[in-house]
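Visitor: Quick one: this structure, given as structure tokens, is what I'll be asking you about.
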Amino acid sequence: MNLNQKITDTACDAAFTGKEIHPWDSGPAVAELQGLLRAHGYTIRIIDGDFGSLTEAAVRSFQKKHGLRINGVVGPQTWAALKSSVKPGARVLRQGYSGSDVYELQGLLQVNGYEINRTGIFDQKTKLAIKDFQQKHKLKDNGIVNSITWTLLRGGYPEPTPSKEPFWLSNFLKWR
């Protein structure tokens, strides 16, 4: 294994981790969590960066479904499961986010002629490439990848629609 491969492997590992967050935390990491949960089909009405009871219920349901420890805390295993299984185009991406969908985004940027490394981490270079792509396609050049940007990056193919996870029904039945 050469040094470049080792650096790439380390970057890819970093793409599937995140800061440990707990119920009632707030901030950008919680907003990313909420976007990931929504992309996995959980009902998150507002991505507000506040880890409230609805976000906690969705985390617990996700943990149960994926055989993880059901504690409502988003640690390394939960982050890895969320980020490695998210479908490209199922969530809005912005600088600071990471995961398999960001890795796919960077691949699409390469296909569209941008010299960018596929690390799975939405860094400044990725943002600049997205802004340039958006300018060339007469989109709002904010560096945020929404469904329209995804569609154009794919050459006009629409994004996949995530399945809805009926976790509320299972929680309701639990109380009977």
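Letters A, B, ... go to the chains of the structure tokens in the order shown; residues in each chain start at 1; ligands are counted from 1 in the same order.
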Give one line per residue of stretch 136-159 of chain A that approaches stretch 90-112 of chain A to at most 10 Å, naming the two atoms of the closest pair and their distance in Å to one decimal, counting only C-alpha atoms; sort by chain then ascending residue number and deliver it as JSON lines.
Guide:
{"residue": "A:Asn142", "atom": "CA", "partner": "A:Arg94", "partner_atom": "CA", "distance": 9.2}
{"residue": "A:Gly143", "atom": "CA", "partner": "A:Arg94", "partner_atom": "CA", "distance": 6.7}
{"residue": "A:Ile144", "atom": "CA", "partner": "A:Arg94", "partner_atom": "CA", "distance": 4.8}
{"residue": "A:Val145", "atom": "CA", "partner": "A:Leu93", "partner_atom": "CA", "distance": 4.9}
{"residue": "A:Asn146", "atom": "CA", "partner": "A:Val92", "partner_atom": "CA", "distance": 4.9}
{"residue": "A:Ser147", "atom": "CA", "partner": "A:Val92", "partner_atom": "CA", "distance": 7.2}
{"residue": "A:Thr149", "atom": "CA", "partner": "A:Val92", "partner_atom": "CA", "distance": 9.7}
{"residue": "A:Trp150", "atom": "CA", "partner": "A:Leu105", "partner_atom": "CA", "distance": 8.0}
{"residue": "A:Leu152", "atom": "CA", "partner": "A:Leu108", "partner_atom": "CA", "distance": 10.0}
{"residue": "A:Leu153", "atom": "CA", "partner": "A:Leu108", "partner_atom": "CA", "distance": 6.2}
{"residue": "A:Arg154", "atom": "CA", "partner": "A:Leu108", "partner_atom": "CA", "distance": 7.0}
{"residue": "A:Gly155", "atom": "CA", "partner": "A:Asn112", "partner_atom": "CA", "distance": 9.2}
{"residue": "A:Glu159", "atom": "CA", "partner": "A:Ala90", "partner_atom": "CA", "distance": 6.8}
Visitor: May I have the residues from that selection written out with all heavy atoms, as a short mmCIF file (atom, residue, chain, number, x, y, z; two decimals), in the first residue's frame?
Guide:
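Output (out_13.cif):
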data_model
loop_
_atom_site.label_atom_id
_atom_site.label_comp_id
_atom_site.auth_asym_id
_atom_site.auth_seq_id
_atom_site.Cartn_x
_atom_site.Cartn_y
_atom_site.Cartn_z
N ASN A 142 -24.92 28.59 -5.10
CA ASN A 142 -24.72 28.66 -3.65
C ASN A 142 -23.86 27.51 -3.11
O ASN A 142 -23.58 27.46 -1.92
CB ASN A 142 -26.07 28.71 -2.93
CG ASN A 142 -26.94 27.52 -3.25
OD1 ASN A 142 -26.53 26.58 -3.92
ND2 ASN A 142 -28.18 27.58 -2.82
N GLY A 143 -23.49 26.57 -3.96
CA GLY A 143 -22.67 25.45 -3.52
C GLY A 143 -23.44 24.39 -2.75
O GLY A 143 -22.84 23.47 -2.20
N ILE A 144 -24.75 24.51 -2.73
CA ILE A 144 -25.60 23.52 -2.06
C ILE A 144 -26.21 22.63 -3.13
O ILE A 144 -26.77 23.11 -4.12
CB ILE A 144 -26.69 24.22 -1.22
CG1 ILE A 144 -26.04 25.03 -0.11
CG2 ILE A 144 -27.68 23.20 -0.66
CD1 ILE A 144 -26.99 25.90 0.68
N VAL A 145 -26.11 21.32 -2.93
CA VAL A 145 -26.57 20.36 -3.94
C VAL A 145 -27.99 19.92 -3.60
O VAL A 145 -28.20 19.10 -2.70
CB VAL A 145 -25.62 19.15 -4.03
CG1 VAL A 145 -26.06 18.20 -5.13
CG2 VAL A 145 -24.19 19.62 -4.27
N ASN A 146 -28.96 20.46 -4.34
CA ASN A 146 -30.35 20.07 -4.16
C ASN A 146 -30.75 19.13 -5.30
O ASN A 146 -29.92 18.71 -6.10
CB ASN A 146 -31.25 21.31 -4.09
CG ASN A 146 -31.17 22.15 -5.36
OD1 ASN A 146 -30.70 21.70 -6.41
ND2 ASN A 146 -31.62 23.39 -5.28
N SER A 147 -32.04 18.82 -5.39
CA SER A 147 -32.51 17.85 -6.38
C SER A 147 -32.25 18.31 -7.82
O SER A 147 -31.95 17.49 -8.68
CB SER A 147 -33.99 17.56 -6.18
OG SER A 147 -34.75 18.74 -6.32
N THR A 149 -29.72 20.25 -8.90
CA THR A 149 -28.29 20.07 -9.18
C THR A 149 -27.97 18.60 -9.38
O THR A 149 -27.23 18.24 -10.30
CB THR A 149 -27.44 20.68 -8.05
OG1 THR A 149 -27.82 22.06 -7.87
CG2 THR A 149 -25.96 20.62 -8.38
N TRP A 150 -28.54 17.73 -8.52
CA TRP A 150 -28.32 16.29 -8.68
C TRP A 150 -28.77 15.83 -10.07
O TRP A 150 -28.06 15.08 -10.75
CB TRP A 150 -29.10 15.49 -7.63
CG TRP A 150 -28.39 15.25 -6.34
CD1 TRP A 150 -28.71 15.79 -5.13
CD2 TRP A 150 -27.27 14.39 -6.10
NE1 TRP A 150 -27.84 15.32 -4.17
CE2 TRP A 150 -26.96 14.46 -4.74
CE3 TRP A 150 -26.50 13.57 -6.92
CZ2 TRP A 150 -25.92 13.75 -4.16
CZ3 TRP A 150 -25.46 12.85 -6.35
CH2 TRP A 150 -25.17 12.96 -4.99
N LEU A 152 -29.12 17.48 -12.88
CA LEU A 152 -28.24 17.94 -13.95
C LEU A 152 -26.89 17.23 -13.92
O LEU A 152 -26.32 16.92 -14.98
CB LEU A 152 -28.06 19.45 -13.88
CG LEU A 152 -29.30 20.26 -14.24
CD1 LEU A 152 -29.07 21.74 -14.01
CD2 LEU A 152 -29.71 20.01 -15.69
N LEU A 153 -26.37 16.96 -12.72
CA LEU A 153 -25.11 16.22 -12.63
C LEU A 153 -25.24 14.82 -13.22
O LEU A 153 -24.30 14.28 -13.80
CB LEU A 153 -24.64 16.12 -11.17
CG LEU A 153 -23.95 17.35 -10.60
CD1 LEU A 153 -23.89 17.27 -9.08
CD2 LEU A 153 -22.54 17.48 -11.18
N ARG A 154 -26.40 14.23 -13.08
CA ARG A 154 -26.66 12.89 -13.61
C ARG A 154 -26.99 12.92 -15.10
O ARG A 154 -27.32 11.88 -15.67
CB ARG A 154 -27.83 12.26 -12.87
CG ARG A 154 -27.54 11.83 -11.48
CD ARG A 154 -28.74 11.02 -10.96
NE ARG A 154 -28.45 10.52 -9.66
CZ ARG A 154 -29.06 10.93 -8.54
NH1 ARG A 154 -30.01 11.83 -8.60
NH2 ARG A 154 -28.73 10.41 -7.39
N GLY A 155 -26.99 14.07 -15.69
CA GLY A 155 -27.29 14.17 -17.11
C GLY A 155 -28.79 14.20 -17.38
O GLY A 155 -29.23 13.82 -18.45
N GLU A 159 -33.66 12.11 -9.25
CA GLU A 159 -33.14 11.47 -8.04
C GLU A 159 -34.05 10.34 -7.59
O GLU A 159 -35.24 10.34 -7.88
CB GLU A 159 -32.98 12.49 -6.92
CG GLU A 159 -34.30 13.01 -6.38
CD GLU A 159 -34.10 14.02 -5.28
OE1 GLU A 159 -33.67 15.13 -5.58
OE2 GLU A 159 -34.39 13.68 -4.13
#
Visitor: DSSP on the backbone: what in stretch 33-116 of chain A comes out strand (DSSP E or B), as a list of chain:residue names?
Guide: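 Put together, the selection reads A:Asp50, A:Val74, A:Leu93, A:Ser98.
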Visitor: Let me see the file: selected residues, N, CA and C atoms, as a compact mmCIF listing (two decimals), in the first residue's frame.
Guide:
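That gives us out_12.txt:
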# COMPACT_ATOMS: atom_id res chain seq x y z
N ASP A 50 -31.84 20.85 15.98
CA ASP A 50 -32.16 20.56 17.38
C ASP A 50 -32.54 19.10 17.53
N VAL A 74 -26.05 9.08 18.84
CA VAL A 74 -25.46 8.86 17.52
C VAL A 74 -23.94 8.87 17.67
N LEU A 93 -27.06 18.34 -0.01
CA LEU A 93 -25.67 18.31 0.46
C LEU A 93 -25.08 19.70 0.50
N SER A 98 -20.68 14.57 4.86
CA SER A 98 -19.87 13.46 4.35
C SER A 98 -20.73 12.22 4.22
Visitor: If you run DSSP on this backbone, which residues of stretch 24-169 of chain A come out as helix (DSSP H, G or I), and could you give them as a PyMOL selection string?
Guide: chain A and resi 28-39+53-65+76-84+100-111+124-136+147-153+167-169
Visitor: Mind checking which residues fall within 12 Å of A:Arg38, counting only C-alpha atoms, ignoring those fewer than 2 positions away in the same chain, and posting them as a CSV table (one decimal) with C-alpha atoms, in the first residue's frame?
Guide:
chain,number,residue,atom,x,y,z
A,31,ALA,CA,-28.8,19.1,11.1
A,32,GLU,CA,-26.7,16.6,9.1
A,33,LEU,CA,-28.2,13.8,11.2
A,34,GLN,CA,-31.7,15.0,10.5
A,35,GLY,CA,-31.0,15.2,6.8
A,36,LEU,CA,-29.7,11.7,6.8
A,40,HIS,CA,-33.6,7.2,4.9
A,41,GLY,CA,-37.3,7.8,4.9
A,42,TYR,CA,-37.9,8.9,8.4
A,43,THR,CA,-40.4,11.7,9.0
A,44,ILE,CA,-38.3,14.7,10.0
A,45,ARG,CA,-40.5,17.8,9.3
A,46,ILE,CA,-38.0,20.5,9.8
A,47,ILE,CA,-34.2,20.2,9.7
A,54,LEU,CA,-38.9,13.3,17.1
A,55,THR,CA,-35.3,13.1,16.0
A,58,ALA,CA,-36.2,8.3,14.5
A,59,VAL,CA,-32.6,7.5,15.7
A,62,PHE,CA,-33.0,3.4,12.7
A,82,LEU,CA,-26.4,6.3,8.2
A,86,VAL,CA,-27.7,6.9,2.1
A,87,LYS,CA,-28.7,6.9,-1.5
A,89,GLY,CA,-29.6,12.4,-4.3
A,90,ALA,CA,-31.8,11.6,-1.4
A,91,ARG,CA,-30.7,14.5,0.7
A,92,VAL,CA,-29.5,18.1,0.2
A,161,THR,CA,-37.2,8.7,-3.9
A,162,PRO,CA,-36.5,7.4,-0.4
A,163,SER,CA,-39.0,4.9,1.1
A,164,LYS,CA,-40.9,6.1,4.1
A,165,GLU,CA,-40.2,4.3,7.3
Visitor: Let me make sure I understand: among A:Val73, A:Leu139, A:Ile21, A:Ala81, which one has the smallest atom-to-atom distance to A:Gly49 if we use only C-alpha atoms?
Guide: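 With only C-alpha atoms as the atom set, the closest residue is A:Ile21.
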Visitor: Could you tell me how far atom CA of A:Gly18 sits from atom CA of A:Ile116, in Å to one decimal place?
Guide: 22.4 Å
Visitor: Could you check the closest approach to A:Lys65 for each of A:Ser53, A:His137, A:Gly156, A:Thr78 and tell me which residue wins, using only C-alpha atoms?
Guide: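 Answer, going by the shortest atom-to-atom distance: A:Thr78.
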Visitor: Please compute the atom CA of A:Phe16-atom CA of A:Arg69 distance, one decimal, in Å.
Guide: 17.6 Å
Visitor: Counting only C-alpha atoms, what is within 8 Å of A:Ile70, bar same-chain residues fewer than 5 positions away, as a list in words?
Guide: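 Counting only C-alpha atoms, the residues come to Arg60, Ser61, Gln63 and Lys64 of chain A.
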Visitor: Measure the distance from atom CA of A:Ser26 to atom CA of A:Thr126 in Å and round it to one decimal.
Guide: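 It comes out at 25.5 Å.
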Visitor: From the set A:Pro88, A:Gly52, A:Gly120, A:Gly113, which residue has the shortest atom-to-atom contact distance to A:Gly72, counting only C-alpha atoms?
Guide: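 The answer is A:Gly52, which sits nearest to A:Gly72.
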